[in-house]
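> So that you have it, the file is protein.tsv, and it contains TSV, C-alpha atoms:
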```tsv
chain	number	residue	atom	x	y	z
S	27	MET	CA	-14.58	-57.46	-35.37
S	28	THR	CA	-14.45	-57.22	-31.57
S	29	PRO	CA	-14.76	-53.72	-30.13
S	30	THR	CA	-11.84	-52.55	-27.96
S	31	VAL	CA	-11.96	-50.22	-25.02
S	32	ASP	CA	-9.05	-47.96	-24.27
S	33	PHE	CA	-8.74	-46.73	-20.71
S	34	VAL	CA	-6.09	-45.76	-18.22
S	35	LEU	CA	-6.21	-47.13	-14.72
S	36	ASP	CA	-5.72	-44.38	-12.16
S	37	ALA	CA	-3.62	-46.35	-9.65
S	38	PRO	CA	-3.48	-43.77	-6.81
S	39	ASP	CA	-7.22	-44.18	-6.24
S	40	LEU	CA	-6.91	-47.93	-5.73
S	41	PRO	CA	-5.82	-49.40	-2.41
S	42	VAL	CA	-2.56	-51.30	-2.65
S	43	ARG	CA	-3.70	-54.00	-0.22
S	44	PRO	CA	-6.85	-54.27	1.90
S	45	VAL	CA	-4.82	-55.20	5.00
S	46	PRO	CA	-1.20	-54.54	5.96
S	47	LEU	CA	1.46	-57.13	5.20
S	48	VAL	CA	4.06	-57.85	7.90
S	49	THR	CA	7.26	-59.46	6.66
S	50	ILE	CA	9.29	-61.17	9.39
S	51	ARG	CA	12.97	-61.88	8.94
S	52	GLY	CA	14.68	-64.33	11.26
S	53	THR	CA	17.05	-67.23	10.93
S	54	GLY	CA	15.38	-68.74	7.84
S	55	GLU	CA	13.57	-67.37	4.82
S	56	PRO	CA	11.43	-64.26	5.39
S	57	VAL	CA	7.78	-65.01	6.15
S	58	ALA	CA	4.88	-62.67	5.36
S	59	VAL	CA	1.51	-62.46	7.08
S	60	ASP	CA	-1.55	-60.27	6.44
S	61	LEU	CA	-3.03	-58.67	9.56
S	62	PRO	CA	-5.73	-56.08	10.11
S	63	VAL	CA	-4.99	-52.54	11.22
S	64	GLY	CA	-4.75	-52.51	15.03
S	65	ALA	CA	-3.05	-55.91	15.29
S	66	THR	CA	0.36	-56.06	16.98
S	67	LEU	CA	3.66	-57.25	15.58
S	68	PHE	CA	3.59	-59.84	18.37
S	69	GLU	CA	0.38	-61.26	16.87
S	70	ALA	CA	2.08	-61.39	13.46
S	71	GLY	CA	4.97	-63.35	14.92
S	72	ALA	CA	2.66	-65.71	16.79
S	73	ARG	CA	0.65	-66.42	13.66
S	74	VAL	CA	3.71	-67.74	11.82
S	75	SER	CA	5.63	-69.12	14.85
S	76	ALA	CA	8.46	-66.62	14.34
S	77	GLY	CA	9.94	-67.29	17.78
S	78	ILE	CA	9.57	-63.81	19.28
S	79	ASP	CA	10.72	-64.06	22.92
S	80	THR	CA	8.13	-63.44	25.65
S	81	ALA	CA	7.41	-64.14	29.29
S	82	CYS	CA	4.20	-62.11	29.62
S	83	VAL	CA	2.59	-63.29	26.33
S	84	GLY	CA	2.03	-59.80	24.93
S	85	LYS	CA	1.02	-57.82	28.04
S	86	GLY	CA	3.93	-55.37	27.82
S	87	THR	CA	5.44	-56.22	31.18
S	88	CYS	CA	8.51	-58.37	30.40
S	89	GLY	CA	10.24	-56.38	27.66
S	90	LEU	CA	11.47	-59.51	25.87
S	91	CYS	CA	9.54	-59.32	22.57
S	92	ARG	CA	12.08	-57.13	20.81
S	93	VAL	CA	11.95	-56.65	17.06
S	94	LYS	CA	13.96	-54.38	14.81
S	95	ILE	CA	11.89	-52.27	12.44
S	96	VAL	CA	13.56	-52.70	9.04
S	97	ALA	CA	10.94	-50.85	6.97
S	98	GLY	CA	7.51	-49.29	7.43
S	99	ALA	CA	8.00	-47.64	10.84
S	100	GLU	CA	5.59	-44.92	9.74
S	101	HIS	CA	2.85	-47.57	9.60
S	102	LEU	CA	3.07	-48.34	13.33
S	103	THR	CA	1.64	-46.65	16.40
S	104	PRO	CA	3.99	-44.23	18.22
S	105	TYR	CA	6.67	-45.44	20.64
S	106	SER	CA	4.93	-46.14	23.96
S	107	ASP	CA	5.73	-45.53	27.63
S	108	GLU	CA	6.09	-49.30	28.17
S	109	GLU	CA	8.67	-49.41	25.38
S	110	ARG	CA	10.55	-46.46	26.86
S	111	LYS	CA	10.60	-48.23	30.24
S	112	HIS	CA	12.11	-51.43	28.82
S	113	LEU	CA	14.18	-50.12	25.90
S	114	GLY	CA	15.10	-46.59	26.87
S	115	ASN	CA	14.92	-43.61	24.57
S	116	VAL	CA	17.26	-44.86	21.83
S	117	TYR	CA	14.76	-46.04	19.20
S	118	HIS	CA	16.12	-43.49	16.73
S	119	LEU	CA	19.49	-45.34	16.94
S	120	THR	CA	18.47	-48.99	17.31
S	121	ARG	CA	15.08	-49.17	15.55
S	122	VAL	CA	14.15	-51.80	18.18
S	123	ARG	CA	10.61	-51.89	19.55
S	124	LEU	CA	8.48	-54.23	21.63
S	125	ALA	CA	6.37	-56.38	19.30
S	126	CYS	CA	3.46	-56.43	21.75
S	127	ARG	CA	3.25	-52.62	21.94
S	128	SER	CA	3.70	-51.95	18.20
S	129	LYS	CA	0.33	-51.89	16.46
S	130	LEU	CA	-0.27	-51.65	12.73
S	131	SER	CA	-1.81	-48.35	11.71
S	132	GLY	CA	-1.91	-49.08	7.98
S	133	GLY	CA	0.69	-50.02	5.39
S	134	ASP	CA	3.30	-52.75	5.14
S	135	VAL	CA	6.01	-53.35	7.74
S	136	THR	CA	9.19	-55.45	7.71
S	137	ILE	CA	10.72	-56.59	11.00
S	138	GLU	CA	13.65	-58.66	12.17
S	139	VAL	CA	13.38	-60.80	15.31
S	140	VAL	CA	15.92	-59.71	17.93
S	141	ARG	CA	17.24	-62.62	19.97
S	142	ARG	CA	18.36	-62.25	23.57
S	143	ARG	CA	22.06	-62.70	24.06
S	144	LYS	CA	22.90	-65.73	26.14
```
Represent the supplied structure as structure tokens.

Amino acid sequence: MTPTVDFVLDAPDLPVRPVPLVTIRGTGEPVAVDLPVGATLFEAGARVSAGIDTACVGKGTCGLCRVKIVAGAEHLTPYSDEERKHLGNVYHLTRVRLACRSKLSGGDVTIEVVRRRK
């Protein structure tokens, strides 16, 4: 007879994921990418070729890399002065941020790529 061990796993003590997961929604199927804390949403988009618009390649000067935060806003750094300059003070209405200024601070985030109107 094989001995059995009864135990209960205490889930709150275990990390859900060692690094945050960024899910990017665009024109096709959603794509997910693992990135370390401190990485930007722009880096997430670049890693999977999500087509986030840019002219300054992540320096925060062009204001083109707009993404809508669908879920996980609490896992990003606070709204920055550069974002306020380019987007105004309406984040609470639009949920749009600059991908290059939005850094992961822990936890999963879902974004949607915002395309410029032509």
> Quick one, how far is CA of Cys91 in chain S from CA of Phe68 in chain S?
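It comes out at 7.3 Å.
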> Could you check the closest approach to Ile50 in chain S for each of S:Asp134, S:Thr66, S:Gly71, S:Cys126 and tell me which residue wins, using all atoms listed in the file?
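The closest residue to Ile50 in chain S is S:Gly71.
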> Point out the residue among S:Ile95, S:Cys82, S:Ala76, S:Val140 with the least atom-to-atom distance to Leu119 in chain S, counting all atoms listed in the file.
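Closest to Leu119 in chain S, using all atoms listed in the file: S:Ile95.
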> Can you list, as a PyMOL selection string, every protein, DNA or RNA residue that comes within 9 Å of Thr136 in chain S when you count only C-alpha atoms, leaving out same-chain residues fewer than 6 positions away?
chain S and resi 47-51+58+94-99
> Determine, counting all atoms listed in the file, every residue of protein, DNA or RNA that lies within 10 Å of (8.0, -44.1, 17.1) in the file coordinates, then give the result as a ChimeraX atom specification.
/S:99-106,109,117-118,121-123,128
> Could you check how far CA of Asp60 in chain S sits from CA of Val45 in chain S, in Å to one decimal?
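Value for the CA of Asp60 in chain S-CA of Val45 in chain S distance: 6.2 Å.
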> What is the distance, in Å and to one decimal place, between CA of Gly77 in chain S and CA of Gly89 in chain S?
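Between these atoms lies a distance of 14.7 Å.
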> Given the choices S:Val57, S:Ala72, S:Val63, S:Leu90, which gets closest to Glu138 in chain S if the distance is worked out from all atoms listed in the file?
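Nearest candidate to Glu138 in chain S out of S:Val57, S:Ala72, S:Val63, S:Leu90: S:Val57.
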> Around range 95-106 of chain S, with edges along x, y and z and 5 Å added on all six sides, what centre and edge lengths do you get, in Å to one decimal, as JSON?

```
{"center_x": 7.6, "center_y": -48.5, "center_z": 15.5, "size_x": 21.9, "size_y": 18.5, "size_z": 27.0}
```
> Point out the residue among S:Leu124, S:Ala65, S:Gly54, S:Ala70 with the least atom-to-atom distance to Cys88 in chain S, counting all atoms listed in the file.
S:Leu124
> Please determine, counting all atoms listed in the file, which residue among S:Pro62, S:Pro56, S:Gly84, S:Pro44 has the shortest atom-to-atom distance to Val139 in chain S.
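The answer is S:Pro56, which sits nearest to Val139 in chain S.
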> Looking at S:Arg92, S:Gly132, S:Thr87, S:Gly64, which one is nearest to Lys111 in chain S, with distances taken over all atoms listed in the file?
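Smallest distance to Lys111 in chain S is found for S:Thr87.
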> Please reconstruct the missing atoms of range 94-105 of chain S (target: N, CA and C atoms) and return them as a short mmCIF file (atom, residue, chain, number, x, y, z; two decimals), in the coordinates of the input.

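Result file follows (out_24.cif):
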```cif
data_model
loop_
_atom_site.label_atom_id
_atom_site.label_comp_id
_atom_site.auth_asym_id
_atom_site.auth_seq_id
_atom_site.Cartn_x
_atom_site.Cartn_y
_atom_site.Cartn_z
N LYS S 94 13.37 -55.54 15.48
CA LYS S 94 13.96 -54.38 14.81
C LYS S 94 13.08 -54.01 13.64
N ILE S 95 12.72 -52.74 13.54
CA ILE S 95 11.89 -52.27 12.44
C ILE S 95 12.82 -51.99 11.26
N VAL S 96 12.71 -52.81 10.22
CA VAL S 96 13.56 -52.70 9.04
C VAL S 96 12.95 -51.71 8.04
N ALA S 97 11.64 -51.76 7.89
CA ALA S 97 10.94 -50.85 6.97
C ALA S 97 9.50 -50.68 7.43
N GLY S 98 8.92 -49.53 7.13
CA GLY S 98 7.51 -49.29 7.43
C GLY S 98 7.23 -48.76 8.81
N ALA S 99 8.20 -48.17 9.49
CA ALA S 99 8.00 -47.64 10.84
C ALA S 99 6.86 -46.63 10.89
N GLU S 100 6.66 -45.93 9.80
CA GLU S 100 5.59 -44.92 9.74
C GLU S 100 4.20 -45.55 9.76
N HIS S 101 4.13 -46.87 9.60
CA HIS S 101 2.85 -47.57 9.60
C HIS S 101 2.56 -48.24 10.95
N LEU S 102 3.28 -47.81 11.99
CA LEU S 102 3.07 -48.34 13.33
C LEU S 102 2.65 -47.22 14.27
N THR S 103 2.01 -47.62 15.38
CA THR S 103 1.64 -46.65 16.40
C THR S 103 2.91 -46.04 17.00
N PRO S 104 2.80 -44.87 17.63
CA PRO S 104 3.99 -44.23 18.22
C PRO S 104 4.62 -45.06 19.34
N TYR S 105 5.89 -44.82 19.57
CA TYR S 105 6.67 -45.44 20.64
C TYR S 105 5.94 -45.19 21.96
#
```
